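Participant: Here you go, entry_5.tsv (TSV, C-alpha atoms):
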chain	number	residue	atom	x	y	z
A	1293	MET	CA	-24.90	-9.35	-26.27
A	1294	SER	CA	-22.04	-9.94	-23.93
A	1295	GLN	CA	-19.18	-7.46	-23.58
A	1296	LYS	CA	-15.57	-8.29	-22.70
A	1297	ALA	CA	-14.64	-7.24	-19.25
A	1298	GLU	CA	-11.82	-4.74	-19.17
A	1299	ARG	CA	-8.61	-6.08	-17.72
A	1300	PRO	CA	-7.44	-4.41	-14.57
A	1301	VAL	CA	-4.51	-1.98	-15.03
A	1302	LEU	CA	-1.79	-1.89	-12.46
A	1303	GLN	CA	-0.74	1.61	-11.61
A	1304	GLY	CA	2.37	2.82	-9.84
A	1305	GLN	CA	4.38	-0.31	-10.66
A	1306	ARG	CA	8.17	0.21	-10.38
A	1307	ILE	CA	10.54	-1.68	-12.65
A	1308	LYS	CA	13.78	-2.39	-10.86
A	1309	THR	CA	17.00	-1.76	-12.76
A	1310	ARG	CA	20.10	-3.73	-11.93
A	1311	LYS	CA	22.96	-1.56	-10.76
A	1312	ARG	CA	25.34	-2.99	-13.33
A	1313	ASP	CA	22.91	-2.00	-16.11
A	1314	GLU	CA	22.85	1.64	-15.05
A	1315	ARG	CA	25.05	3.87	-17.17
A	1316	GLU	CA	26.52	6.91	-15.55
A	1317	LYS	CA	26.57	9.96	-17.78
A	1318	ASN	CA	30.03	10.77	-19.12
A	1319	ASP	CA	30.88	14.18	-17.67
A	1320	PRO	CA	34.55	15.15	-18.12
A	1321	THR	CA	33.69	18.82	-17.69
A	1322	GLY	CA	32.08	18.18	-14.30
A	1323	PHE	CA	35.11	16.13	-13.26
A	1324	ARG	CA	37.41	18.93	-14.40
A	1325	ASP	CA	35.46	21.54	-12.43
A	1326	ALA	CA	35.62	19.44	-9.28
A	1327	VAL	CA	39.39	18.86	-9.59
A	1328	ILE	CA	40.16	22.51	-10.38
A	1329	ALA	CA	38.10	23.67	-7.41
A	1330	GLY	CA	40.22	21.51	-5.15
A	1331	LEU	CA	43.52	22.48	-6.75
A	1332	ASP	CA	42.78	26.19	-6.45
A	1333	LYS	CA	42.39	25.83	-2.70
A	1334	ALA	CA	45.81	24.18	-2.31
A	1335	GLU	CA	48.59	26.56	-1.30
A	1336	ASP	CA	51.63	24.51	-2.36
A	1337	LEU	CA	52.65	21.28	-4.10
A	1338	ASP	CA	52.38	19.23	-0.89
A	1339	ALA	CA	48.82	20.43	-0.43
A	1340	ILE	CA	48.10	19.64	-4.09
A	1341	PHE	CA	49.22	16.05	-3.66
A	1342	LYS	CA	47.29	15.62	-0.42
A	1343	TYR	CA	44.15	16.85	-2.17
A	1344	LEU	CA	44.69	14.56	-5.18
A	1345	ASP	CA	45.42	11.62	-2.91
A	1346	ILE	CA	42.16	12.03	-0.97
A	1347	ALA	CA	40.06	13.05	-3.99
A	1348	GLY	CA	40.81	9.73	-5.66
A	1349	ASN	CA	38.42	8.08	-3.21
A	1350	LYS	CA	35.58	10.40	-4.23
A	1351	LEU	CA	36.25	11.31	-7.85
A	1352	ASP	CA	36.36	8.72	-10.60
A	1353	TYR	CA	40.07	8.68	-11.56
A	1354	ARG	CA	39.62	5.32	-13.25
A	1355	ARG	CA	37.16	6.84	-15.69
A	1356	TYR	CA	38.62	10.32	-16.07
A	1357	GLY	CA	42.34	9.58	-15.67
A	1358	GLU	CA	43.35	11.27	-18.92
A	1359	VAL	CA	41.30	14.35	-18.02
A	1360	LEU	CA	43.14	14.49	-14.70
A	1361	PHE	CA	46.49	14.43	-16.49
A	1362	ASP	CA	45.29	17.11	-18.93
A	1363	ILE	CA	44.65	19.37	-15.92
A	1364	LEU	CA	47.94	18.61	-14.18
A	1365	ILE	CA	49.94	19.21	-17.38
A	1366	ALA	CA	48.11	22.00	-19.21
A	1367	GLY	CA	45.77	23.36	-16.54
A	1368	GLY	CA	42.52	22.39	-18.21
A	1369	LEU	CA	40.72	20.02	-20.55
A	1370	LEU	CA	42.70	19.70	-23.79
A	1371	VAL	CA	40.82	19.64	-27.06
A	1372	PRO	CA	42.19	18.56	-30.49
A	1373	GLY	CA	44.91	20.94	-31.59
A	1374	GLY	CA	46.25	21.53	-28.10
A	1375	SER	CA	44.02	24.35	-26.87
A	1376	ILE	CA	42.12	24.31	-23.57
A	1377	SER	CA	38.36	23.94	-23.55
A	1378	GLN	CA	36.72	27.20	-22.41
A	1379	ASP	CA	33.42	25.66	-21.29
A	1380	GLY	CA	32.40	26.65	-17.76
A	1381	GLU	CA	33.13	29.51	-15.39
A	1382	ARG	CA	36.54	28.22	-14.28
A	1383	PRO	CA	37.94	26.13	-17.17
A	1384	PHE	CA	41.60	26.22	-16.14
A	1385	THR	CA	43.96	26.33	-13.16
A	1386	ASN	CA	47.47	27.64	-12.57
A	1387	ALA	CA	48.36	24.56	-10.54
A	1388	CYS	CA	49.90	22.79	-13.54
A	1389	ILE	CA	53.21	22.24	-15.32
A	1390	PHE	CA	52.58	24.88	-17.99
A	1391	LYS	CA	52.23	27.58	-15.31
A	1392	ALA	CA	55.19	26.39	-13.22
A	1393	SER	CA	58.72	27.75	-13.33
A	1394	SER	CA	60.88	26.13	-16.03
A	1395	ASP	CA	63.92	25.65	-13.75
A	1396	MET	CA	64.77	22.03	-12.99
A	1397	GLU	CA	64.09	22.26	-9.26
A	1398	ALA	CA	60.47	23.23	-9.96
A	1399	MET	CA	60.25	20.51	-12.60
A	1400	ARG	CA	61.49	17.87	-10.15
A	1401	ASN	CA	58.92	18.99	-7.57
A	1402	HIS	CA	56.12	18.56	-10.09
A	1403	GLU	CA	57.60	15.22	-11.12
A	1404	GLN	CA	57.00	13.91	-7.60
A	1405	ILE	CA	53.27	14.67	-7.79
A	1406	PHE	CA	52.94	12.34	-10.78
A	1407	VAL	CA	55.18	9.68	-9.27
A	1408	LYS	CA	53.29	9.61	-5.95
A	1409	LEU	CA	49.90	9.76	-7.64
A	1410	MET	CA	50.61	6.78	-9.89
A	1411	ARG	CA	52.17	4.89	-7.00
A	1412	ARG	CA	48.95	5.44	-5.04
A	1413	TYR	CA	46.61	4.61	-7.95
A	1414	LYS	CA	48.47	2.02	-10.03
A	1415	TYR	CA	45.84	1.90	-12.78
A	1416	LEU	CA	46.84	5.45	-13.75
A	1417	GLU	CA	50.21	4.24	-15.11
A	1418	LYS	CA	48.79	2.84	-18.35
A	1419	MET	CA	46.49	5.86	-18.73
A	1420	PHE	CA	49.48	8.17	-18.37
A	1421	GLU	CA	51.30	6.48	-21.26
A	1422	GLU	CA	48.27	6.93	-23.50
A	1423	GLU	CA	47.89	10.52	-22.29
A	1424	MET	CA	51.47	11.33	-23.24
A	1425	LYS	CA	51.00	9.94	-26.74
A	1426	LYS	CA	48.04	12.29	-27.14
A	1427	VAL	CA	49.66	15.35	-25.55
A	1428	LEU	CA	52.85	15.05	-27.63
A	1429	VAL	CA	50.80	15.15	-30.82
A	1430	PHE	CA	49.35	18.46	-29.62
A	1431	ILE	CA	52.69	20.25	-28.94
A	1432	LYS	CA	52.37	22.50	-31.99
A	1433	GLY	CA	49.38	24.14	-30.27
A	1434	PHE	CA	51.40	24.94	-27.14
A	1435	GLN	CA	53.47	28.04	-26.51
A	1436	PRO	CA	57.27	27.66	-26.98
A	1437	GLU	CA	57.91	27.95	-23.22
A	1438	GLU	CA	55.22	25.35	-22.57
A	1439	ARG	CA	56.92	22.97	-24.98
A	1440	VAL	CA	60.23	23.44	-23.13
A	1441	LYS	CA	58.60	22.62	-19.78
A	1442	LEU	CA	56.83	19.60	-21.23
A	1443	ALA	CA	60.09	18.36	-22.81
A	1444	ARG	CA	61.93	18.65	-19.49
A	1445	MET	CA	59.16	16.86	-17.67
A	1446	THR	CA	59.08	14.16	-20.36
A	1447	ALA	CA	62.80	13.59	-19.80
A	1448	LEU	CA	62.20	13.21	-16.06
A	1449	TRP	CA	59.29	10.82	-16.63
A	1450	ILE	CA	61.37	8.70	-19.00
A	1451	GLY	CA	64.23	8.76	-16.51
A	1452	ASN	CA	62.07	7.51	-13.63
A	1453	GLY	CA	60.15	4.99	-15.73
A	1454	SER	CA	56.77	6.74	-15.57
A	1455	VAL	CA	56.55	6.58	-19.37
A	1456	PRO	CA	58.54	4.46	-21.84
A	1457	PRO	CA	60.81	6.25	-24.34
A	1458	THR	CA	58.66	4.80	-27.14
A	1459	VAL	CA	56.16	7.63	-26.56
A	1460	LEU	CA	58.59	9.93	-28.37
A	1461	THR	CA	57.93	8.12	-31.66
A	1462	VAL	CA	54.59	9.95	-31.98
A	1463	LEU	CA	56.64	13.08	-32.75
A	1464	ASN	CA	57.40	11.49	-36.12
A	1465	ASN	CA	54.49	13.41	-37.55
A	1466	GLU	CA	54.68	15.58	-40.67
A	1467	HIS	CA	53.03	18.67	-39.13
A	1468	LEU	CA	55.52	18.57	-36.23
A	1469	ILE	CA	58.58	17.79	-38.33
A	1470	LYS	CA	58.34	20.37	-41.12
A	1471	ASP	CA	58.64	23.37	-38.78
A	1472	GLY	CA	61.37	21.78	-36.65
A	1473	ILE	CA	59.07	21.48	-33.62
A	1474	ALA	CA	59.63	17.73	-33.21
A	1475	LEU	CA	63.42	18.12	-33.45
A	1476	ASP	CA	63.55	21.00	-30.94
A	1477	PHE	CA	61.42	19.01	-28.50
A	1478	LEU	CA	63.59	15.90	-28.84
A	1479	ILE	CA	66.79	17.87	-28.31
A	1480	GLU	CA	65.41	19.42	-25.11
A	1481	VAL	CA	64.42	15.95	-23.88
A	1482	PHE	CA	67.88	14.57	-24.68
A	1483	ILE	CA	69.73	17.48	-23.03
A	1484	THR	CA	67.63	17.22	-19.87
A	1485	LEU	CA	67.89	13.44	-19.64
A	1486	LYS	CA	71.67	13.60	-20.05
A	1487	LYS	CA	72.03	16.28	-17.36
A	1488	GLU	CA	69.69	14.59	-14.90
A	1489	LYS	CA	70.53	10.92	-15.39
A	1490	GLY	CA	73.77	10.76	-17.39
A	1491	ILE	CA	74.70	9.81	-20.93
A	1492	SER	CA	74.35	6.05	-20.34
A	1493	THR	CA	70.69	6.48	-19.36
A	1494	LEU	CA	70.10	8.61	-22.46
A	1495	ILE	CA	71.70	6.04	-24.76
A	1496	THR	CA	69.70	3.24	-23.10
A	1497	ALA	CA	66.48	5.23	-23.57
A	1498	LEU	CA	67.25	5.77	-27.27
A	1499	LYS	CA	67.77	2.05	-27.75
A	1500	LYS	CA	64.65	1.05	-25.80
A	1501	GLY	CA	62.63	3.58	-27.74
A	1502	GLN	CA	64.11	2.26	-31.01
A	1503	LEU	CA	65.15	5.79	-31.85
A	1504	GLU	CA	68.88	5.32	-32.33
A	1505	ASN	CA	68.53	4.41	-36.01
A	1506	ARG	CA	65.59	6.76	-36.72
A	1507	LEU	CA	66.99	10.12	-35.65
A	1508	MET	CA	67.15	11.46	-39.19
A	1509	GLU	CA	63.37	10.99	-39.54
A	1510	PHE	CA	62.73	13.82	-37.07
A	1511	PHE	CA	64.66	16.37	-39.15
A	1512	PRO	CA	62.82	18.58	-41.67
A	1513	LEU	CA	63.09	17.12	-45.18
A	1514	ASN	CA	65.32	19.91	-46.46
A	1515	LYS	CA	67.79	19.39	-43.59
A	1516	ARG	CA	68.20	15.62	-43.62
A	1517	THR	CA	71.95	15.46	-44.10
A	1518	GLU	CA	74.63	13.81	-42.01
A	1519	GLU	CA	76.47	17.10	-41.64
A	1520	TYR	CA	73.42	18.96	-40.32
A	1521	LEU	CA	72.57	16.15	-37.91
A	1522	LYS	CA	76.13	16.16	-36.63
A	1523	SER	CA	76.23	19.95	-36.19
A	1524	VAL	CA	72.87	20.09	-34.34
A	1525	PHE	CA	73.74	17.43	-31.78
A	1526	ILE	CA	77.32	18.58	-31.21
A	1527	GLU	CA	76.18	22.20	-30.70
A	1528	ASN	CA	73.84	20.95	-27.97
A	1529	GLY	CA	76.47	18.87	-26.19
A	1530	LEU	CA	75.17	15.58	-27.57
A	1531	ALA	CA	78.25	14.29	-29.41
A	1532	ASP	CA	77.62	10.82	-27.95
A	1533	ILE	CA	74.39	10.62	-29.93
A	1534	VAL	CA	76.34	11.37	-33.11
A	1535	LYS	CA	78.64	8.42	-32.31
A	1536	LEU	CA	75.62	6.20	-31.70
A	1537	HIS	CA	74.01	7.34	-34.94
A	1538	LYS	CA	77.20	6.62	-36.90
A	1539	ALA	CA	77.51	3.18	-35.35
A	1540	GLN	CA	73.90	2.36	-36.23
A	1541	ALA	CA	74.31	3.69	-39.76
A	1542	SER	CA	77.46	1.61	-40.13
A	1543	GLN	CA	75.70	-1.55	-38.94
A	1544	GLU	CA	72.86	-0.97	-41.37
A	1545	ALA	CA	75.32	-0.37	-44.20
A	1546	LYS	CA	77.17	-3.59	-43.34
A	1547	ARG	CA	73.92	-5.55	-43.39
A	1548	GLU	CA	73.11	-4.16	-46.85
A	1549	LEU	CA	76.67	-4.88	-48.07
A	1550	GLN	CA	76.50	-8.46	-46.79
A	1551	GLN	CA	73.13	-8.99	-48.45
A	1552	ALA	CA	74.56	-7.70	-51.73
A	1553	LEU	CA	77.44	-10.17	-51.37
A	1554	ILE	CA	75.03	-13.04	-50.68
A	1555	ASP	CA	72.94	-12.12	-53.72
A	1556	ASN	CA	76.04	-11.96	-55.94
A	1557	LEU	CA	77.30	-15.34	-54.77
A	1558	ASN	CA	73.89	-16.99	-55.10
A	1559	ASP	CA	73.57	-15.62	-58.64
A	1560	GLU	CA	77.01	-17.15	-59.39
A	1561	ARG	CA	78.29	-13.93	-60.91
A	1562	PRO	CA	81.91	-13.87	-62.13
A	1563	GLY	CA	84.41	-13.14	-59.37
A	1564	LYS	CA	85.59	-9.94	-61.03
A	1565	ASP	CA	82.03	-8.58	-61.14
A	1566	ILE	CA	81.48	-9.45	-57.49
A	1567	VAL	CA	84.71	-7.69	-56.49
A	1568	ASN	CA	83.79	-4.55	-58.46
A	1569	ASP	CA	80.27	-4.46	-57.01
A	1570	ILE	CA	81.37	-4.94	-53.39
A	1571	LYS	CA	84.22	-2.43	-53.72
A	1572	GLU	CA	81.82	0.15	-55.16
A	1573	LYS	CA	79.24	-0.42	-52.43
A	1574	SER	CA	81.79	-0.41	-49.60
A	1575	ALA	CA	83.13	2.90	-50.93
A	1576	ASN	CA	79.62	4.38	-51.05
A	1577	TYR	CA	78.86	3.13	-47.54
A	1578	ASN	CA	82.29	4.28	-46.33
A	1579	ILE	CA	83.16	0.81	-45.02
A	1580	PRO	CA	86.95	0.26	-44.90
A	1581	GLU	CA	88.55	-2.92	-46.23
A	1582	HIS	CA	89.41	-4.32	-42.77
A	1583	GLU	CA	85.67	-4.25	-41.96
A	1584	VAL	CA	84.65	-5.78	-45.29
A	1585	ILE	CA	86.87	-8.85	-44.90
A	1586	PRO	CA	85.06	-10.27	-41.80
A	1587	LEU	CA	81.75	-9.92	-43.67
A	1588	LEU	CA	83.27	-11.76	-46.63
A	1589	TRP	CA	84.52	-14.60	-44.40
A	1590	THR	CA	81.19	-14.97	-42.56
A	1591	THR	CA	79.20	-14.99	-45.80
A	1592	ILE	CA	81.41	-17.50	-47.58
A	1593	MET	CA	81.48	-19.88	-44.61
A	1594	SER	CA	77.68	-19.71	-44.37
A	1595	LEU	CA	77.33	-21.06	-47.92
A	1596	ALA	CA	78.46	-24.58	-46.98
A	1597	GLU	CA	76.69	-27.32	-45.06
A	1598	TRP	CA	79.50	-28.55	-42.88
A	1599	ASN	CA	80.12	-32.21	-42.21
A	1600	LYS	CA	79.54	-33.21	-38.60
A	1601	LYS	CA	82.53	-35.57	-38.62
A	1602	GLU	CA	85.62	-33.77	-37.38
A	1603	GLU	CA	88.02	-35.85	-39.45
A	1604	LEU	CA	86.29	-34.73	-42.68
A	1605	ILE	CA	85.97	-31.03	-41.86
A	1606	ALA	CA	89.54	-30.04	-42.79
A	1607	GLU	CA	89.33	-31.43	-46.32
A	1608	GLN	CA	85.87	-29.93	-46.87
A	1609	ALA	CA	86.90	-26.50	-45.53
A	1610	LEU	CA	90.03	-26.25	-47.68
A	1611	LYS	CA	88.17	-27.38	-50.79
A	1612	HIS	CA	85.43	-24.79	-50.13
A	1613	LEU	CA	87.80	-21.89	-49.41
A	1614	ARG	CA	89.95	-22.55	-52.51
A	1615	LEU	CA	86.95	-21.51	-54.60
A	1616	TYR	CA	87.05	-18.00	-53.11
A	1617	THR	CA	90.74	-17.19	-52.65
A	1618	ASN	CA	90.55	-14.59	-55.44
A	1619	LEU	CA	87.79	-12.80	-53.54
A	1620	PHE	CA	89.81	-12.83	-50.33
A	1621	GLN	CA	92.85	-11.51	-52.23
A	1622	ALA	CA	90.86	-8.54	-53.50
A	1623	PHE	CA	90.02	-7.40	-49.95
A	1624	THR	CA	93.34	-8.08	-48.20
A	1625	THR	CA	95.51	-5.38	-49.74
A	1626	THR	CA	96.66	-3.98	-46.37
A	1627	ASP	CA	98.30	-5.52	-43.29
A	1628	ARG	CA	95.33	-4.43	-41.19
A	1629	SER	CA	92.80	-6.30	-43.36
A	1630	GLU	CA	95.04	-9.40	-43.40
A	1631	VAL	CA	95.23	-9.46	-39.60
A	1632	ALA	CA	91.47	-8.86	-39.47
A	1633	LEU	CA	90.98	-11.99	-41.60
A	1634	ILE	CA	93.25	-14.12	-39.36
A	1635	LEU	CA	91.35	-12.92	-36.29
A	1636	LYS	CA	88.04	-13.80	-37.94
A	1637	VAL	CA	89.33	-17.30	-38.78
A	1638	GLN	CA	90.53	-17.68	-35.17
A	1639	GLU	CA	87.16	-16.59	-33.80
A	1640	PHE	CA	85.29	-18.93	-36.17
A	1641	CYS	CA	87.43	-21.97	-35.31
A	1642	TYR	CA	87.09	-21.25	-31.59
A	1643	GLU	CA	83.30	-20.98	-31.77
A	1644	ASN	CA	82.92	-24.08	-33.98
A	1645	MET	CA	84.66	-26.89	-32.11
A	1646	ASN	CA	85.04	-29.15	-35.16
A	1647	PHE	CA	87.30	-26.48	-36.71
A	1648	MET	CA	89.68	-26.21	-33.74
A	1649	LYS	CA	92.34	-28.35	-35.48
A	1650	VAL	CA	91.79	-26.77	-38.91
A	1651	PHE	CA	93.00	-23.24	-38.07
A	1652	GLN	CA	96.64	-23.77	-39.08
A	1653	LYS	CA	95.64	-25.46	-42.34
A	1654	ILE	CA	93.37	-22.54	-43.33
A	1655	ILE	CA	96.11	-19.99	-42.60
A	1656	LEU	CA	98.61	-22.06	-44.58
A	1657	LEU	CA	96.17	-22.19	-47.53
A	1658	PHE	CA	95.79	-18.41	-47.45
A	1659	TYR	CA	99.57	-18.00	-47.24
A	1660	LYS	CA	100.18	-20.25	-50.26
A	1661	THR	CA	97.49	-18.46	-52.31
A	1662	GLU	CA	98.94	-15.03	-51.36
A	1663	VAL	CA	95.87	-13.94	-49.44
A	1664	LEU	CA	98.08	-13.52	-46.34
A	1665	SER	CA	101.67	-12.35	-46.14
A	1666	GLU	CA	104.29	-13.64	-43.71
A	1667	ASP	CA	104.42	-10.19	-42.05
A	1668	SER	CA	100.75	-10.26	-41.12
A	1669	ILE	CA	101.01	-13.84	-39.83
A	1670	LEU	CA	104.01	-12.92	-37.68
A	1671	LYS	CA	102.25	-9.81	-36.39
A	1672	TRP	CA	99.21	-11.88	-35.42
A	1673	TYR	CA	101.44	-14.43	-33.68
A	1674	LYS	CA	103.41	-11.86	-31.67
A	1675	ASP	CA	100.75	-9.48	-30.44
A	1676	GLY	CA	97.76	-9.33	-32.78
A	1677	HIS	CA	95.96	-12.52	-31.73
A	1678	SER	CA	92.68	-12.77	-29.83
A	1679	SER	CA	92.38	-14.32	-26.38
A	1680	LYS	CA	89.87	-16.87	-27.73
A	1681	GLY	CA	91.68	-20.22	-27.76
A	1682	LYS	CA	94.94	-18.29	-27.67
A	1683	MET	CA	97.30	-21.02	-26.42
A	1684	HIS	CA	95.74	-23.70	-28.62
A	1685	PHE	CA	96.07	-21.70	-31.84
A	1686	LEU	CA	99.53	-20.32	-31.04
A	1687	GLN	CA	100.73	-23.89	-30.45
A	1688	GLN	CA	99.28	-24.94	-33.82
A	1689	MET	CA	101.13	-22.12	-35.56
A	1690	LYS	CA	104.43	-22.47	-33.67
A	1691	LYS	CA	106.32	-24.64	-36.19
A	1692	PHE	CA	105.06	-22.69	-39.18
A	1693	VAL	CA	105.99	-19.37	-37.55
A	1694	GLU	CA	109.47	-20.72	-36.73
A	1695	TRP	CA	109.84	-21.75	-40.36
A	1696	LEU	CA	108.81	-18.24	-41.49
A	1697	GLN	CA	111.28	-16.63	-39.08
A	1698	ASN	CA	114.14	-18.90	-40.20
A	1699	ALA	CA	113.32	-18.23	-43.84
A	1700	GLU	CA	113.34	-14.50	-43.09
A	1701	GLU	CA	116.73	-14.74	-41.33
A	1702	GLU	CA	118.23	-16.75	-44.21
A	1703	SER	CA	116.94	-14.17	-46.70
A	1704	GLU	CA	118.49	-11.35	-44.69
A	1705	SER	CA	121.80	-13.26	-44.51
A	1706	GLU	CA	121.82	-13.78	-48.27
A	1707	ASP	CA	121.14	-10.09	-48.81
A	1708	GLU	CA	124.10	-9.16	-46.59
A	1709	ASN	CA	126.43	-11.54	-48.47
Reformat the file's structure so that it appears as structure tokens.
Facilitator:
Amino acid sequence: MSQKAERPVLQGQRIKTRKRDEREKNDPTGFRDAVIAGLDKAEDLDAIFKYLDIAGNKLDYRRYGEVLFDILIAGGLLVPGGSISQDGERPFTNACIFKASSDMEAMRNHEQIFVKLMRRYKYLEKMFEEEMKKVLVFIKGFQPEERVKLARMTALWIGNGSVPPTVLTVLNNEHLIKDGIALDFLIEVFITLKKEKGISTLITALKKGQLENRLMEFFPLNKRTEEYLKSVFIENGLADIVKLHKAQASQEAKRELQQALIDNLNDERPGKDIVNDIKEKSANYNIPEHEVIPLLWTTIMSLAEWNKKEELIAEQALKHLRLYTNLFQAFTTTDRSEVALILKVQEFCYENMNFMKVFQKIILLFYKTEVLSEDSILKWYKDGHSSKGKMHFLQQMKKFVEWLQNAEEESESEDEN
């Protein structure tokens, strides 16, 4: 009976692994230990940068960039909550922002380390933005003096473009807001940025970070009042932010008021009801009459589909506006609001070329329907007009204004007799 011959077995065979298939073990602790060992040998900030500059060729900054920033900011490897990992014999270093002096000269010196480092290794820029979003969430776990230093450095980094101001939006977090930590941090950032770069840079940063209309969100719930916001910023020398906040709040209120007006007109509500609703809302929003009237004009003019033929525009415009003269009357009870309306008509006619010859006819319609008084028309003509199409519109109004002036002189003469 035949037996199968055993197959030969190859021993000692090596299976080659492609280099790209090899996975290096993730070792942030080992990276931290190597960086801290180098930092501890450096005697000053210049030596620290020289070490970091050279170490980038040996250590894997591309892989452990956020760990590197943890060390340079907090002195060690940050763990959730904001504490430093205690693994290892030497888990932290004093060569970091949290251990530096809080005066601005020291802060600026540390700023340069980050600027030079990211200039040398460009890929660290994006990592730094992500790092800051993480670190700012941890600020409750830091000591008060550490938060001050971080806030000042954040202002410098925003000022030099190392991080965008949008990173500050991560502070809109309930656990940071309720104890006032987010607000205190923001105020320190704002104060520092204003002192270092000026108020214009601060205002620009607020706008770029889309913070100018969200400031109230960073106040504790029980302190979200306009008066408290105003007092906090003014006490800290930030009155310009209060002005910006008011302007943004006003713009938002005007948008809501205009939308309410559009809804009322589309629903074809009676004119009296529309007037009452808009007057109530403008009072609640604290929008004065001379600011309501331009919104009214813009909204009413947007309701029509205007003829493209210039010769037909005048008739169409007058027919359309006659429908709303009662509305205009209700919001032109002062000379200031009347002049504001004339200016808005002037601006509209200037920006819409087909209306250039219709200006005088619109003003005459408003005069005849008692929307505008002769005093407001004369004031506009003398010194209240806009520079937009000035000579053209003044020429249009010349004969009518002369007629008003002659009528006024005749009236005064009759009174004297």
Participant: Pull the neighbourhood of (62.3, 6.9, -30.6) for me: all residues within 6 Å in file coordinates, counting all atoms listed in the file, as JSON, numbers by chain.
Facilitator: {"A": [1458, 1460, 1461, 1501, 1502, 1503]}
Participant: Give me, please, the distance in Å between CA of Glu1421 in chain A and CA of Ala1334 in chain A, quoted to one decimal.
Facilitator: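 Those two atoms sit 26.5 Å apart.
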Participant: With distances taken over all atoms listed in the file, which of A:Val1631, A:Ala1447, A:Leu1521, A:Cys1641 is nearest to Glu1666 in chain A?
Facilitator: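 The shortest atom-to-atom distance to Glu1666 in chain A comes from A:Val1631.
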Participant: Figure out the distance between CA of Leu1670 in chain A and CA of Leu1587 in chain A, please, to one decimal in Å.
Facilitator: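 One can read the CA of Leu1587 in chain A to CA of Leu1670 in chain A distance as 23.2 Å.
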Participant: Excluding Glu1607 in chain A and its own-chain neighbours fewer than 3 positions away, which residues fall within 12 Å of it when counting only C-alpha atoms? Please give them as a PDB file with C-alpha atoms, in the coordinates of the input.
Facilitator:
ATOM      1  CA  TRP A1598      79.500 -28.550 -42.880  1.00  0.00           C
ATOM      2  CA  ASN A1599      80.120 -32.210 -42.210  1.00  0.00           C
ATOM      3  CA  LYS A1601      82.530 -35.570 -38.620  1.00  0.00           C
ATOM      4  CA  GLU A1602      85.620 -33.770 -37.380  1.00  0.00           C
ATOM      5  CA  GLU A1603      88.020 -35.850 -39.450  1.00  0.00           C
ATOM      6  CA  LEU A1604      86.290 -34.730 -42.680  1.00  0.00           C
ATOM      7  CA  LEU A1610      90.030 -26.250 -47.680  1.00  0.00           C
ATOM      8  CA  LYS A1611      88.170 -27.380 -50.790  1.00  0.00           C
ATOM      9  CA  HIS A1612      85.430 -24.790 -50.130  1.00  0.00           C
ATOM     10  CA  LEU A1613      87.800 -21.890 -49.410  1.00  0.00           C
ATOM     11  CA  ARG A1614      89.950 -22.550 -52.510  1.00  0.00           C
ATOM     12  CA  PHE A1647      87.300 -26.480 -36.710  1.00  0.00           C
ATOM     13  CA  LYS A1649      92.340 -28.350 -35.480  1.00  0.00           C
ATOM     14  CA  VAL A1650      91.790 -26.770 -38.910  1.00  0.00           C
ATOM     15  CA  LYS A1653      95.640 -25.460 -42.340  1.00  0.00           C
ATOM     16  CA  ILE A1654      93.370 -22.540 -43.330  1.00  0.00           C
ATOM     17  CA  LEU A1657      96.170 -22.190 -47.530  1.00  0.00           C
TER      18      LEU A1657
END
Participant: Between A:Tyr1415, A:Phe1477, A:Phe1341, A:Tyr1353, which residue has the minimum interatomic distance to Ala1326 in chain A, considering all atoms listed in the file?
Facilitator: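 Using all atoms listed in the file, Ala1326 in chain A sits closest to A:Tyr1353.
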Participant: Do you have the CA of Ile1579 in chain A-CA of Leu1549 in chain A distance handy?
Facilitator: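 Going from CA of Ile1579 in chain A over to CA of Leu1549 in chain A covers 9.2 Å.
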Participant: Step by step: start from the point (47.7, 0.9, -19.5) in the file's coordinates, keep every protein, DNA or RNA residue that has an atom no farther than 12 Å from it, count all atoms listed in the file, and write the set as number ranges by chain.
Facilitator: A: 1354, 1357-1358, 1410, 1414-1424, 1454-1456
Participant: Find the smallest box with edges along x, y and z containing every listed atom of range 1640-1652 of chain A, then add 8 Å on each side and report centre and edge lengths in Å to one decimal, as AutoDock Vina command-line options.
Facilitator:
--center_x 89.8 --center_y -24.0 --center_z -35.3 --size_x 29.7 --size_y 26.2 --size_z 23.5
Participant: Select, from A:Leu1364, A:Ala1622, A:Met1648, A:Ala1609, the residue with the minimum atom-to-atom distance to Ile1566 in chain A, counting all atoms listed in the file.
Facilitator: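 Checking each candidate against Ile1566 in chain A, we get A:Ala1622 as the closest.
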Participant: Restricting the calculation to all atoms listed in the file: of A:Asp1471, A:Asp1332, A:Glu1583, A:Glu1403, which residue gets closest to Ile1450 in chain A?
Facilitator: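 Counting all atoms listed in the file, the residue closest to Ile1450 in chain A is A:Glu1403.
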Participant: Rank A:Glu1630, A:Asp1667, A:Asp1675, A:Asp1565 by their smallest atom-to-atom distance to Leu1696 in chain A, using all atoms listed in the file, and report the top residue only.
Facilitator: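 Between A:Glu1630, A:Asp1667, A:Asp1675, A:Asp1565, the residue approaching Leu1696 in chain A most closely is A:Asp1667.
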Participant: My list of candidates is A:Ile1389, A:Leu1442, A:Ala1347, A:Leu1370. Which is closest to Leu1409 in chain A when distances are computed with only C-alpha atoms?
Facilitator: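 Checking each candidate against Leu1409 in chain A, we get A:Ala1347 as the closest.
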